[in-house]
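Source file protein25.cif; content: mmCIF, C-alpha atoms and all ligand atoms.
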```
data_model
#
loop_
_atom_site.label_atom_id
_atom_site.label_comp_id
_atom_site.auth_asym_id
_atom_site.auth_seq_id
_atom_site.Cartn_x
_atom_site.Cartn_y
_atom_site.Cartn_z
CA MET A 1 -135.54 -22.82 -2.62
CA VAL A 2 -138.34 -21.78 -0.24
CA VAL A 3 -139.85 -18.38 -1.00
CA LYS A 4 -139.78 -15.91 1.92
CA VAL A 5 -142.84 -13.66 2.15
CA TYR A 6 -142.72 -10.56 4.36
CA GLY A 7 -145.82 -9.29 6.18
CA PRO A 8 -148.29 -12.19 5.86
CA HIS A 9 -150.96 -10.55 8.00
CA CYS A 10 -151.52 -7.67 5.60
CA ALA A 11 -154.19 -7.61 2.91
CA SER A 12 -151.91 -7.01 -0.08
CA THR A 13 -149.67 -9.89 1.00
CA LYS A 14 -152.64 -12.28 1.08
CA ARG A 15 -152.97 -11.88 -2.68
CA VAL A 16 -149.46 -13.24 -3.03
CA LEU A 17 -150.01 -16.06 -0.53
CA VAL A 18 -153.16 -17.29 -2.29
CA CYS A 19 -151.27 -17.28 -5.59
CA LEU A 20 -148.42 -19.31 -4.05
CA VAL A 21 -150.87 -21.84 -2.58
CA GLU A 22 -152.74 -22.19 -5.90
CA LYS A 23 -149.40 -22.69 -7.70
CA GLU A 24 -148.27 -25.23 -5.05
CA ILE A 25 -145.14 -23.21 -4.26
CA GLU A 26 -143.51 -23.70 -0.88
CA PHE A 27 -143.06 -20.56 1.20
CA GLU A 28 -142.19 -19.32 4.67
CA VAL A 29 -143.33 -16.04 6.18
CA VAL A 30 -141.50 -13.23 7.94
CA PRO A 31 -143.85 -11.28 10.24
CA ILE A 32 -143.78 -7.48 9.98
CA ASN A 33 -145.52 -5.64 12.79
CA PHE A 34 -147.42 -3.25 10.64
CA LEU A 35 -149.20 -1.35 13.41
CA GLU A 36 -145.79 -0.70 15.05
CA GLY A 37 -144.40 0.60 11.75
CA GLU A 38 -141.77 -2.11 11.20
CA GLN A 39 -142.21 -1.63 7.44
CA LYS A 40 -140.37 1.68 7.86
CA ASN A 41 -137.28 0.20 9.60
CA PRO A 42 -134.00 0.93 7.74
CA GLU A 43 -133.26 -2.80 7.26
CA TYR A 44 -136.69 -3.40 5.73
CA LEU A 45 -136.40 -0.28 3.53
CA LYS A 46 -133.38 -1.87 1.86
CA LEU A 47 -135.79 -4.52 0.54
CA GLN A 48 -138.81 -2.27 -0.08
CA PRO A 49 -137.77 1.40 -0.31
CA PHE A 50 -141.42 2.59 -0.30
CA GLY A 51 -141.95 1.00 3.13
CA THR A 52 -144.93 -1.23 2.35
CA VAL A 53 -145.57 -4.97 2.37
CA PRO A 54 -145.33 -7.43 0.73
CA VAL A 55 -141.84 -8.26 -0.43
CA ILE A 56 -140.64 -11.71 -1.43
CA GLN A 57 -137.12 -13.09 -1.36
CA ASP A 58 -136.38 -16.08 -3.54
CA GLY A 59 -132.70 -16.92 -3.11
CA ASP A 60 -130.94 -13.68 -3.95
CA TYR A 61 -133.87 -12.41 -6.00
CA ALA A 62 -136.26 -9.96 -4.30
CA LEU A 63 -139.49 -8.47 -5.62
CA TYR A 64 -142.14 -6.09 -4.30
CA GLU A 65 -145.62 -4.98 -5.46
CA SER A 66 -148.15 -7.74 -4.79
CA ARG A 67 -149.57 -7.92 -8.33
CA ALA A 68 -146.08 -8.02 -9.88
CA ILE A 69 -145.17 -10.88 -7.53
CA MET A 70 -148.31 -12.82 -8.50
CA ARG A 71 -147.59 -12.35 -12.21
CA TYR A 72 -143.99 -13.46 -11.69
CA TYR A 73 -144.92 -16.73 -9.98
CA ALA A 74 -147.87 -17.48 -12.27
CA GLU A 75 -145.46 -17.21 -15.21
CA LYS A 76 -142.44 -18.88 -13.60
CA TYR A 77 -144.46 -21.95 -12.56
CA ARG A 78 -146.86 -21.88 -15.48
CA SER A 79 -147.23 -25.65 -15.72
CA GLN A 80 -147.43 -26.23 -11.95
CA GLY A 81 -150.69 -25.98 -9.97
CA ILE A 82 -153.63 -24.21 -11.56
CA GLU A 83 -153.18 -21.98 -14.66
CA LEU A 84 -153.82 -18.41 -13.49
CA LEU A 85 -152.83 -16.26 -16.47
CA GLY A 86 -155.19 -17.54 -19.16
CA LYS A 87 -154.34 -20.08 -21.85
CA THR A 88 -154.65 -18.02 -25.03
CA ILE A 89 -153.34 -14.55 -25.73
CA GLU A 90 -156.96 -13.28 -25.66
CA GLU A 91 -157.58 -14.84 -22.25
CA LYS A 92 -154.30 -13.40 -21.02
CA GLY A 93 -155.37 -9.96 -22.24
CA LEU A 94 -158.58 -10.20 -20.24
CA VAL A 95 -156.76 -11.34 -17.11
CA GLU A 96 -154.47 -8.30 -17.45
CA GLN A 97 -157.46 -6.01 -18.08
CA TRP A 98 -159.26 -7.14 -14.91
CA LEU A 99 -156.07 -7.02 -12.85
CA GLU A 100 -155.77 -3.38 -13.91
CA VAL A 101 -159.44 -2.74 -13.12
CA GLU A 102 -158.86 -4.15 -9.65
CA ALA A 103 -155.77 -2.00 -9.08
CA GLN A 104 -157.10 1.23 -10.62
CA ASN A 105 -160.89 1.17 -10.08
CA PHE A 106 -161.69 -1.20 -7.22
CA ASN A 107 -158.72 -0.99 -4.88
CA PRO A 108 -158.43 2.77 -4.26
CA SER A 109 -161.97 3.03 -2.86
CA ALA A 110 -161.82 -0.32 -1.04
CA TYR A 111 -158.46 0.66 0.49
CA ASN A 112 -159.76 4.04 1.68
CA LEU A 113 -162.84 2.40 3.17
CA ALA A 114 -160.68 -0.14 5.02
CA LEU A 115 -158.42 2.59 6.32
CA HIS A 116 -161.22 4.86 7.57
CA VAL A 117 -163.61 2.17 8.82
CA LEU A 118 -161.22 -0.48 10.17
CA PHE A 119 -157.83 1.11 10.78
CA PRO A 120 -158.23 4.82 11.59
CA SER A 121 -155.19 4.57 13.88
CA LEU A 122 -153.09 4.44 10.69
CA LEU A 123 -154.38 7.84 9.57
CA ALA A 124 -152.24 10.91 10.27
CA ASP A 125 -154.87 12.37 12.65
CA ASN A 126 -156.21 8.98 13.89
CA THR A 127 -159.70 10.11 12.92
CA PRO A 128 -161.97 8.51 10.33
CA ASN A 129 -163.42 10.97 7.84
CA PRO A 130 -167.15 10.34 7.17
CA LYS A 131 -166.92 12.22 3.85
CA VAL A 132 -164.15 9.91 2.59
CA ILE A 133 -166.20 6.89 3.71
CA GLU A 134 -169.30 8.15 1.92
CA GLU A 135 -167.46 9.04 -1.29
CA SER A 136 -165.45 5.80 -1.37
CA GLU A 137 -168.61 3.76 -0.92
CA ALA A 138 -170.40 5.66 -3.70
CA LYS A 139 -167.44 5.08 -6.06
CA LEU A 140 -167.35 1.40 -5.16
CA VAL A 141 -171.06 1.00 -5.92
CA LYS A 142 -170.47 2.35 -9.43
CA VAL A 143 -167.53 0.01 -9.99
CA LEU A 144 -169.48 -2.98 -8.67
CA ASN A 145 -172.39 -2.19 -10.99
CA ILE A 146 -169.98 -2.79 -13.86
CA TYR A 147 -168.81 -6.03 -12.20
CA GLU A 148 -172.43 -7.16 -11.91
CA GLU A 149 -172.89 -6.72 -15.64
CA ARG A 150 -169.64 -8.51 -16.43
CA LEU A 151 -170.33 -11.41 -14.05
CA SER A 152 -173.80 -11.90 -15.54
CA LYS A 153 -171.96 -13.01 -18.69
CA SER A 154 -169.01 -15.00 -17.33
CA LYS A 155 -168.43 -16.99 -14.16
CA TYR A 156 -165.18 -15.20 -13.28
CA LEU A 157 -163.87 -11.77 -14.19
CA ALA A 158 -161.64 -12.73 -17.11
CA GLY A 159 -163.96 -15.46 -18.41
CA ASP A 160 -165.13 -18.90 -17.35
CA PHE A 161 -161.84 -19.65 -15.61
CA PHE A 162 -160.44 -18.60 -12.21
CA SER A 163 -157.41 -16.31 -12.57
CA LEU A 164 -155.10 -13.79 -10.91
CA ALA A 165 -157.78 -11.16 -11.53
CA ASP A 166 -160.13 -12.94 -9.11
CA ILE A 167 -157.39 -13.61 -6.55
CA SER A 168 -156.48 -9.94 -6.51
CA HIS A 169 -159.95 -9.03 -5.19
CA LEU A 170 -160.00 -11.46 -2.26
CA PRO A 171 -158.40 -9.50 0.62
CA PHE A 172 -160.29 -6.23 0.31
CA THR A 173 -163.62 -7.85 -0.60
CA ASP A 174 -163.18 -9.91 2.57
CA TYR A 175 -162.82 -6.69 4.57
CA ILE A 176 -166.00 -5.34 2.97
CA VAL A 177 -168.06 -8.49 3.55
CA ASN A 178 -166.72 -9.80 6.84
CA GLN A 179 -165.21 -6.90 8.74
CA MET A 180 -166.67 -3.55 7.75
CA GLY A 181 -170.34 -4.42 8.10
CA LYS A 182 -170.81 -3.41 4.46
CA GLU A 183 -171.61 -6.85 3.07
CA TYR A 184 -174.67 -5.38 1.30
CA LEU A 185 -172.26 -3.83 -1.24
CA ILE A 186 -171.54 -7.36 -2.46
CA LYS A 187 -174.58 -9.38 -1.37
CA ASP A 188 -177.15 -7.09 -2.97
CA LYS A 189 -175.76 -7.90 -6.42
CA LYS A 190 -176.66 -11.43 -7.42
CA HIS A 191 -173.79 -12.15 -9.78
CA VAL A 192 -171.16 -10.37 -7.70
CA SER A 193 -172.44 -12.23 -4.64
CA ASP A 194 -172.30 -15.64 -6.38
CA TRP A 195 -168.78 -14.85 -7.61
CA TRP A 196 -167.68 -13.85 -4.11
CA ASP A 197 -169.15 -17.03 -2.59
CA ASP A 198 -167.30 -19.08 -5.19
CA ILE A 199 -163.85 -17.49 -4.94
CA SER A 200 -163.90 -17.11 -1.15
CA SER A 201 -164.76 -20.77 -0.66
CA ARG A 202 -161.60 -21.96 -2.43
CA PRO A 203 -159.29 -23.94 -0.12
CA SER A 204 -156.40 -21.54 -0.91
CA TRP A 205 -158.27 -18.52 0.50
CA LYS A 206 -159.58 -20.48 3.49
CA LYS A 207 -156.07 -21.63 4.30
CA VAL A 208 -154.55 -18.14 4.07
CA THR A 209 -157.26 -16.44 6.16
CA LYS A 210 -157.08 -19.15 8.79
CA LEU A 211 -153.30 -18.90 9.12
CA TYR A 212 -152.89 -15.13 8.91
CA ARG A 213 -155.51 -12.93 10.53
CA PRO A 214 -155.38 -9.18 9.81
CA PRO A 215 -154.35 -6.32 11.16
CA ILE A 216 -154.39 -5.06 7.57
N1 LIG B 1 -149.15 -1.47 -4.34
C1 LIG B 1 -148.63 -2.15 -3.17
C2 LIG B 1 -149.43 -1.68 -1.98
C3 LIG B 1 -148.98 -2.31 -0.72
C4 LIG B 1 -149.64 -1.71 0.48
O1 LIG B 1 -150.29 -0.64 0.43
N2 LIG B 1 -149.47 -2.37 1.58
C5 LIG B 1 -149.99 -1.85 2.79
C6 LIG B 1 -150.57 -3.00 3.60
S1 LIG B 1 -151.98 -3.74 2.79
C7 LIG B 1 -148.81 -1.25 3.53
O2 LIG B 1 -147.77 -1.85 3.67
N3 LIG B 1 -148.95 -0.02 4.04
C8 LIG B 1 -147.92 0.53 4.87
C9 LIG B 1 -147.79 1.97 4.78
O3 LIG B 1 -148.39 2.56 3.88
O4 LIG B 1 -147.05 2.49 5.64
C10 LIG B 1 -148.73 -3.67 -3.36
O5 LIG B 1 -149.71 -4.11 -3.97
O6 LIG B 1 -147.83 -4.39 -2.92
#
```
What's the structure tokens form of this structure?
Amino acid sequence: MVVKVYGPHCASTKRVLVCLVEKEIEFEVVPINFLEGEQKNPEYLKLQPFGTVPVIQDGDYALYESRAIMRYYAEKYRSQGIELLGKTIEEKGLVEQWLEVEAQNFNPSAYNLALHVLFPSLLADNTPNPKVIEESEAKLVKVLNIYEERLSKSKYLAGDFFSLADISHLPFTDYIVNQMGKEYLIKDKKHVSDWWDDISSRPSWKKVTKLYRPPI
């Protein structure tokens, strides 16, 4: 059964796509024109009632929330492709910890920055707010200081192994480094910068970014 992935051009979906590539799972994509608001169409809302991407359909099973989808496939195909959840219960705990850090500490500021710097047309008043940009950047610096400390002790976030926690950071860190002109947020921190160079040079990320350019 080929997995169907909705909205491949969006950042949150790219998390899922990288996970599928790393796990060697076959998929096909269903484009959703995000800037035209197709994620709010009644047919799509039957799949994802909150009106966001991604969603996957796997036979008659459907799932939304990008991190939940990654966890599902990393567990379902545990022995296929690369191990992404950690081998021991302690490693697994750390993968979960850093996935939560990404979702709760990193993503909110990175998402706001992307919205106000790259996609102001998606804001209610179409106007970027310099105060939100400044505050989001300041919050991100504090979070990345903690990452710098962590990555001075281990090669990847959960330890010396690549995991879902690293994958989860790829799409929005790419916006920061390659599209927002704010690469100094990453490059000025030696360990964060080395980590970024490592994870963004993986064939899975290169493949996904080459195939599916943003809008978001
Ligand atoms: N927590 C969700 C967030 C998904 C999300 O925010 N997706 C954005 C694109 S990156 C979206 O569809 N936004 C549409 C909207 O808010 O109308 C996930 O990880 O799947």
Taking all atoms listed in the file into account, report as a ChimeraX atom specification which residues have an atom no farther than 8 Å from an atom of ligand LIG 1 (chain B). /A:10-13,34,37,39-40,51-55,64-68,216
What is the distance, in Å and to one decimal place, between atom CA of Tyr175 of chain A and atom CA of Val208 of chain A?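 Rounded to one decimal, the two atoms are 14.1 Å apart.
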Rank A:His169, A:Lys155, A:Lys87, A:Lys131 by their smallest atom-to-atom distance to Ala110 of chain A, using only C-alpha atoms, and report the top residue only.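 For Ala110 of chain A, the nearest of the given residues is A:His169.
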Could you list, as a ChimeraX atom specification, every residue within 7 Å of segment 132-145 of chain A, counting all atoms listed in the file and ignoring same-chain residues fewer than 4 positions away? /A:105-106,109,112-113,116,149,185
Please return, as an MDAnalysis selection string, all polymer residues that have at least one atom within 10 Å of the point (-165.7, -13.4, -10.6); use only C-alpha atoms and the file's own coordinate frame. chainID A and resid 98 147:148 150:152 154:163 165:167 169 191:199
If I take atom CA of Lys14 of chain A and atom CA of Leu211 of chain A, how far is one from the other in Å, to one decimal?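 Going from atom CA of Lys14 of chain A over to atom CA of Leu211 of chain A, I get 10.4 Å.
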For atom CA of Tyr73 of chain A and atom CA of Glu38 of chain A, determine how far apart the two atoms are, in Å to one decimal place. 25.9 Å
Name the closest residue to Lys182 of chain A among the candidates A:Ala114, A:Leu35, A:Lys153, A:Leu122; distances are taken between atoms, counting all atoms listed in the file.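 Ranked by minimum distance to Lys182 of chain A, first place goes to A:Ala114.
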Closest to Glu96 of chain A among A:Leu63, A:Ile146, A:Met70, A:Leu47, using all atoms listed in the file? A:Met70
Around (-138.6, -21.9, -5.1) in the file's own coordinates, what residues are found within 9 Å if you use all atoms listed in the file, given back as a PyMOL selection string? chain A and resi 1-3+25-27+58-59
If I wrap all listed atoms of segment 87-93 of chain A in a box with edges along x, y and z and add 6 Å on each side, what are its centre and edge lengths in Å to one decimal, as lines of an AutoDock Vina configuration file?
```
center_x = -155.5
center_y = -15.0
center_z = -23.4
size_x = 16.2
size_y = 22.1
size_z = 16.7
```
Fill-in result for segment 105-138 of chain A, N, CA and C atoms as a short mmCIF file (atom, residue, chain, number, x, y, z; two decimals), in the coordinates of the input:
```
data_model
loop_
_atom_site.label_atom_id
_atom_site.label_comp_id
_atom_site.auth_asym_id
_atom_site.auth_seq_id
_atom_site.Cartn_x
_atom_site.Cartn_y
_atom_site.Cartn_z
N ASN A 105 -159.49 0.77 -10.31
CA ASN A 105 -160.89 1.17 -10.08
C ASN A 105 -161.45 0.66 -8.75
N PHE A 106 -161.13 -0.59 -8.42
CA PHE A 106 -161.69 -1.20 -7.22
C PHE A 106 -160.86 -0.85 -5.98
N ASN A 107 -159.56 -1.08 -6.08
CA ASN A 107 -158.72 -0.99 -4.88
C ASN A 107 -158.67 0.39 -4.21
N PRO A 108 -158.55 1.49 -4.96
CA PRO A 108 -158.43 2.77 -4.26
C PRO A 108 -159.59 3.04 -3.30
N SER A 109 -160.82 2.78 -3.74
CA SER A 109 -161.97 3.03 -2.86
C SER A 109 -162.04 2.00 -1.74
N ALA A 110 -161.78 0.73 -2.08
CA ALA A 110 -161.82 -0.32 -1.04
C ALA A 110 -160.75 -0.06 0.01
N TYR A 111 -159.57 0.38 -0.43
CA TYR A 111 -158.46 0.66 0.49
C TYR A 111 -158.82 1.82 1.42
N ASN A 112 -159.37 2.90 0.85
CA ASN A 112 -159.76 4.04 1.68
C ASN A 112 -160.83 3.66 2.68
N LEU A 113 -161.79 2.86 2.24
CA LEU A 113 -162.84 2.40 3.17
C LEU A 113 -162.21 1.62 4.32
N ALA A 114 -161.31 0.68 3.97
CA ALA A 114 -160.68 -0.14 5.02
C ALA A 114 -159.93 0.74 6.00
N LEU A 115 -159.21 1.71 5.46
CA LEU A 115 -158.42 2.59 6.32
C LEU A 115 -159.33 3.38 7.28
N HIS A 116 -160.38 3.98 6.74
CA HIS A 116 -161.22 4.86 7.57
C HIS A 116 -162.20 4.10 8.44
N VAL A 117 -162.63 2.91 8.00
CA VAL A 117 -163.61 2.17 8.82
C VAL A 117 -162.90 1.24 9.80
N LEU A 118 -161.83 0.57 9.33
CA LEU A 118 -161.22 -0.48 10.17
C LEU A 118 -159.94 -0.04 10.88
N PHE A 119 -159.17 0.82 10.23
CA PHE A 119 -157.83 1.11 10.78
C PHE A 119 -157.55 2.61 10.88
N PRO A 120 -158.46 3.37 11.52
CA PRO A 120 -158.23 4.82 11.59
C PRO A 120 -156.94 5.17 12.32
N SER A 121 -156.42 4.25 13.16
CA SER A 121 -155.19 4.57 13.88
C SER A 121 -154.01 4.74 12.92
N LEU A 122 -154.18 4.28 11.67
CA LEU A 122 -153.09 4.44 10.69
C LEU A 122 -153.16 5.79 9.97
N LEU A 123 -154.25 6.53 10.21
CA LEU A 123 -154.38 7.84 9.57
C LEU A 123 -153.56 8.88 10.35
N ALA A 124 -153.11 9.91 9.63
CA ALA A 124 -152.24 10.91 10.27
C ALA A 124 -152.90 11.48 11.53
N ASP A 125 -154.22 11.78 11.48
CA ASP A 125 -154.87 12.37 12.65
C ASP A 125 -155.69 11.36 13.45
N ASN A 126 -155.52 10.07 13.16
CA ASN A 126 -156.21 8.98 13.89
C ASN A 126 -157.72 9.07 13.83
N THR A 127 -158.26 9.86 12.91
CA THR A 127 -159.70 10.11 12.92
C THR A 127 -160.33 9.75 11.59
N PRO A 128 -161.31 8.84 11.59
CA PRO A 128 -161.97 8.51 10.33
C PRO A 128 -162.73 9.71 9.79
N ASN A 129 -162.74 9.84 8.47
CA ASN A 129 -163.42 10.97 7.84
C ASN A 129 -164.70 10.47 7.16
N PRO A 130 -165.89 10.84 7.71
CA PRO A 130 -167.15 10.34 7.17
C PRO A 130 -167.34 10.68 5.70
N LYS A 131 -166.79 11.83 5.26
CA LYS A 131 -166.92 12.22 3.85
C LYS A 131 -166.15 11.25 2.95
N VAL A 132 -164.95 10.87 3.38
CA VAL A 132 -164.15 9.91 2.59
C VAL A 132 -164.88 8.57 2.54
N ILE A 133 -165.48 8.17 3.66
CA ILE A 133 -166.20 6.89 3.71
C ILE A 133 -167.36 6.93 2.72
N GLU A 134 -168.13 8.03 2.79
CA GLU A 134 -169.30 8.15 1.92
C GLU A 134 -168.90 8.16 0.44
N GLU A 135 -167.88 8.94 0.12
CA GLU A 135 -167.46 9.04 -1.29
C GLU A 135 -166.86 7.74 -1.80
N SER A 136 -166.08 7.08 -0.96
CA SER A 136 -165.45 5.80 -1.37
C SER A 136 -166.54 4.76 -1.63
N GLU A 137 -167.52 4.74 -0.75
CA GLU A 137 -168.61 3.76 -0.92
C GLU A 137 -169.38 4.03 -2.22
N ALA A 138 -169.65 5.31 -2.48
CA ALA A 138 -170.40 5.66 -3.70
C ALA A 138 -169.60 5.25 -4.95
#
```
